[in-house]
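To keep things clear, I will list the structure first and then write my remarks on it.
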Amino acid sequence: MRSRNVKSLPSSTVARGIRRAELPPLHLLYTFEAAARALSFTVAAGELFLTQSAVSRQIQQVEEALGAPLFERRHRALVLTEAGQVMQRAVVDCLARLRDATASVRATQPGRQIAITTTPGFASLWLIPRLARFTASHPQVDVRISATLEVLDLQRSAIDVSVRLTTLDKGLGRPLFEEQVLPVCAPQLLQDRSKPLQQPADLAHHTLLAIDTPRGQSLTMDWEPWFKVMGLPEIRMKNTLRFSQYSDVVAAAVAGQGVAIGRLPLLDALLRDGRLVAPFSGAASHFGYFVTVAPRAAANADAQDFVRWLAAEGEAARALQPPGKPDVLA
């Protein structure tokens, strides 16, 4: 059913099409509309970033194609002829219809977008600080980040790329980088002579910063990989501050409120610029970040670019993070 606002073309016109010879030069009609609206070649020239003589020549071309004058040139004034008035009404109507149709079509086209899901800690500490490098090369792409601990169904949630932390032996998708862990704190804690941090046993005199754990699990669950590799028993620290998000644990460490377990390379930048320091060596946690690409992303060239960008950033992070002992501790 046709819309009441749209006039249908005569069936004879649809059957044979509209011949070029039946129309004036279409690329010049925009110039005619501007001159007819302003009744001034000079004003139209300024609007179209042309010279006055160029506008005058283009109007002459339209008049020659029509075989009729469109303007009456008077002293310091222009007046539309009867033919000019007919053409002005037709051109304004056609351009308005094209404008409205263009806006309607553009509104129905999906924009360029990438949807990513990852953990809140990875998003805030590693991805977002680097994301400007990707968006600078893809300025027309909208990036949607779902930062959650919940593992989302990529298809049902319309997600293109997932980045998740899991054990190395159970990782699915493309490995981004392995994780290393080590205690970290603000520089002022390391400089406090009343509570030194010269050996792991000294941790007992400091506040533990940790992620809140389910009932029945150890408060130092996120510290256990480091204790195990260092051959240490679980150390009971003076008191504990627990948080629901790892990014809050890190913020508390930067504020000098205690000692946290640092996850590298998430905290590389904080260690390099001195907002955090590492009193002891690092250890491999046997966890790593893996990138999963949803089947729907195969048709999304921007998502494929994002995955390649992630791989390059991960490689750069690995280059700055030698295995065993991070370069920030050297």
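FYI, nothing fancy with the structure tokens labels: chains A, B, ... in order, residues from 1 per chain, ligands from 1 as they appear.
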How close does each residue of region 49-145 of chain A get to region 15-39 of chain A, giving the shortest atom pair and distance in Å to one decimal for every residue with an atom at most 9 Å away, counting only C-alpha atoms, sorted by chain and residue number, as a Markdown table?
| residue | atom | partner | partner_atom | distance |
| --- | --- | --- | --- | --- |
| A:Val55 | CA | A:Thr31 | CA | 6.8 |
| A:Gln58 | CA | A:Leu28 | CA | 6.4 |
| A:Ile59 | CA | A:Phe32 | CA | 6.3 |
| A:Gln61 | CA | A:Pro25 | CA | 8.0 |
| A:Val62 | CA | A:Pro24 | CA | 6.1 |
| A:Glu63 | CA | A:Pro24 | CA | 8.5 |
| A:Glu64 | CA | A:Pro24 | CA | 8.9 |
| A:Ala65 | CA | A:Pro24 | CA | 5.6 |
| A:Leu66 | CA | A:Pro24 | CA | 6.4 |
| A:Leu70 | CA | A:Ala36 | CA | 8.8 |
| A:Phe71 | CA | A:Ala36 | CA | 8.3 |
| A:Ala77 | CA | A:Leu39 | CA | 7.3 |
| A:Leu78 | CA | A:Leu39 | CA | 5.3 |
| A:Val79 | CA | A:Leu39 | CA | 6.6 |
| A:Leu80 | CA | A:Ala36 | CA | 7.1 |
| A:Gly84 | CA | A:Ala36 | CA | 7.9 |
| A:Gln85 | CA | A:Ala36 | CA | 8.5 |
| A:Met87 | CA | A:Glu33 | CA | 9.0 |
| A:Gln88 | CA | A:Glu33 | CA | 6.5 |
| A:Val91 | CA | A:Glu33 | CA | 6.8 |
| A:Val92 | CA | A:Glu33 | CA | 6.8 |
| A:Leu95 | CA | A:Tyr30 | CA | 8.3 |
Store the residues picked out above in a file with C-alpha atoms, as a PDB file, in the first residue's frame.
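Resulting contents of result_31.pdb:
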ATOM      1  CA  VAL A  55      26.867  31.299 -10.444  1.00  0.00           C
ATOM      2  CA  GLN A  58      25.603  28.041 -14.221  1.00  0.00           C
ATOM      3  CA  ILE A  59      22.213  29.795 -14.322  1.00  0.00           C
ATOM      4  CA  GLN A  61      23.432  26.828 -18.617  1.00  0.00           C
ATOM      5  CA  VAL A  62      20.142  25.917 -16.945  1.00  0.00           C
ATOM      6  CA  GLU A  63      18.273  28.552 -18.984  1.00  0.00           C
ATOM      7  CA  GLU A  64      19.841  27.306 -22.213  1.00  0.00           C
ATOM      8  CA  ALA A  65      18.859  23.714 -21.386  1.00  0.00           C
ATOM      9  CA  LEU A  66      15.274  24.830 -20.704  1.00  0.00           C
ATOM     10  CA  LEU A  70      14.447  32.058 -15.352  1.00  0.00           C
ATOM     11  CA  PHE A  71      15.408  35.512 -14.083  1.00  0.00           C
ATOM     12  CA  ALA A  77      17.909  43.344  -8.660  1.00  0.00           C
ATOM     13  CA  LEU A  78      16.763  39.926  -9.863  1.00  0.00           C
ATOM     14  CA  VAL A  79      13.148  38.893 -10.384  1.00  0.00           C
ATOM     15  CA  LEU A  80      11.935  35.404 -11.202  1.00  0.00           C
ATOM     16  CA  GLY A  84      11.487  30.711 -13.015  1.00  0.00           C
ATOM     17  CA  GLN A  85       8.623  30.583 -10.523  1.00  0.00           C
ATOM     18  CA  MET A  87      10.959  25.806 -11.760  1.00  0.00           C
ATOM     19  CA  GLN A  88      11.543  27.160  -8.248  1.00  0.00           C
ATOM     20  CA  VAL A  91      13.062  22.270  -7.521  1.00  0.00           C
ATOM     21  CA  VAL A  92      12.269  23.165  -3.899  1.00  0.00           C
ATOM     22  CA  LEU A  95      15.046  18.818  -2.998  1.00  0.00           C
TER      23      LEU A  95
END
I'd like to know which residues of region 267-317 of chain A are strand (DSSP E) (by DSSP, run on the backbone); could you write them as an MDAnalysis selection string? chainID A and resid 283:293
Same residues, C-alpha atoms, saved as an mmCIF file, in the first residue's frame:
data_model
loop_
_atom_site.group_PDB
_atom_site.id
_atom_site.type_symbol
_atom_site.label_atom_id
_atom_site.label_comp_id
_atom_site.auth_asym_id
_atom_site.auth_seq_id
_atom_site.Cartn_x
_atom_site.Cartn_y
_atom_site.Cartn_z
ATOM 1 C CA ALA A 283 55.097 -14.743 40.388
ATOM 2 C CA ALA A 284 53.082 -16.304 37.580
ATOM 3 C CA SER A 285 49.475 -16.863 38.635
ATOM 4 C CA HIS A 286 48.830 -19.506 35.935
ATOM 5 C CA PHE A 287 45.893 -17.378 34.794
ATOM 6 C CA GLY A 288 45.658 -15.442 31.565
ATOM 7 C CA TYR A 289 43.348 -13.231 29.510
ATOM 8 C CA PHE A 290 41.748 -14.789 26.452
ATOM 9 C CA VAL A 291 39.863 -13.137 23.578
ATOM 10 C CA THR A 292 36.730 -14.812 22.224
ATOM 11 C CA VAL A 293 35.212 -13.527 18.984
#
Write out as a short mmCIF file (atom, residue, chain, number, x, y, z; two decimals) with C-alpha atoms, in the first residue's frame the residues lying within 10 Å of Ala255 (chain A), counting only C-alpha atoms and excluding same-chain residues fewer than 6 positions away.
data_model
loop_
_atom_site.label_atom_id
_atom_site.label_comp_id
_atom_site.auth_asym_id
_atom_site.auth_seq_id
_atom_site.Cartn_x
_atom_site.Cartn_y
_atom_site.Cartn_z
CA CYS A 185 51.34 -0.45 47.79
CA ALA A 186 51.73 3.31 47.75
CA PRO A 187 55.31 4.65 48.03
CA GLN A 188 54.66 6.18 51.47
CA VAL A 249 41.17 -2.42 45.64
CA ARG A 275 51.85 5.70 42.02
CA LEU A 276 52.39 2.12 43.20
#
Any idea what the distance is between CA of Gln113 (chain A) and CA of Asp160 (chain A)? 9.3 Å
When you count only C-alpha atoms, which of these residues is closest to Leu310 (chain A): A:Val161, A:Arg112, A:Gln60, A:Phe49? A:Val161
A straight line from CA of Trp126 (chain A) to CA of Arg144 (chain A) spans 15.7 Å
What's the separation between CA of Leu189 (chain A) and CA of Gly256 (chain A), in Å to one decimal place?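 One can read the CA of Leu189 (chain A) to CA of Gly256 (chain A) distance as 6.6 Å.
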Going by DSSP on the backbone, which bits of region 102-140 of chain A are helix (DSSP H, G or I)? Write them as a list in words, please. Thr102, Ala103, Ser104, Val105, Arg106, Ala107, Thr108, Pro120, Gly121, Phe122, Ala123, Ser124, Leu125, Trp126, Leu127, Ile128, Pro129, Arg130, Leu131, Ala132, Arg133, Phe134, Thr135, Ala136 and Ser137 of chain A
List the neighbours of Trp309 (chain A) out to 8 Å using only C-alpha atoms; skip same-chain residues closer than 4 positions along the sequence, and give me the result as a PyMOL selection string. chain A and resi 134+305+313
Residues of the last selection are to be written out with N, CA and C atoms, as a PDB file, in the first residue's frame.
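After the write, selection24.pdb holds the following:
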ATOM      1  N   PHE A 134      42.663   3.172  19.697  1.00  0.00           N
ATOM      2  CA  PHE A 134      41.787   2.521  18.713  1.00  0.00           C
ATOM      3  C   PHE A 134      40.774   3.514  18.150  1.00  0.00           C
ATOM      4  N   ASP A 305      38.992  -5.460  13.194  1.00  0.00           N
ATOM      5  CA  ASP A 305      40.082  -4.507  13.445  1.00  0.00           C
ATOM      6  C   ASP A 305      40.367  -4.395  14.939  1.00  0.00           C
ATOM      7  N   GLU A 313      48.222  -4.650  21.126  1.00  0.00           N
ATOM      8  CA  GLU A 313      48.409  -4.075  22.454  1.00  0.00           C
ATOM      9  C   GLU A 313      48.882  -5.140  23.454  1.00  0.00           C
TER      10      GLU A 313
END
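If only C-alpha atoms are the atoms counted, then among A:Val86, A:Ala158, A:Ala132, A:Leu241 the closest residue to Ala115 (chain A) is A:Ala158.
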Set the distance at 8 Å and use only C-alpha atoms: which residues neighbour region 198-212 of chain A once local chain neighbours fewer than 5 positions away are removed? I'd like the list as an MDAnalysis selection string. chainID A and resid 219:220 222 235:246 249 252:253 257:261 279:280
Applying 9 Å and only C-alpha atoms, which residues near Pro295 (chain A) remain after dropping the ones on its own chain fewer than 2 positions away? List them as a list in words. Leu154, Gln155, Asp160, Val293, Ala297, Ala298 and Ala299 of chain A
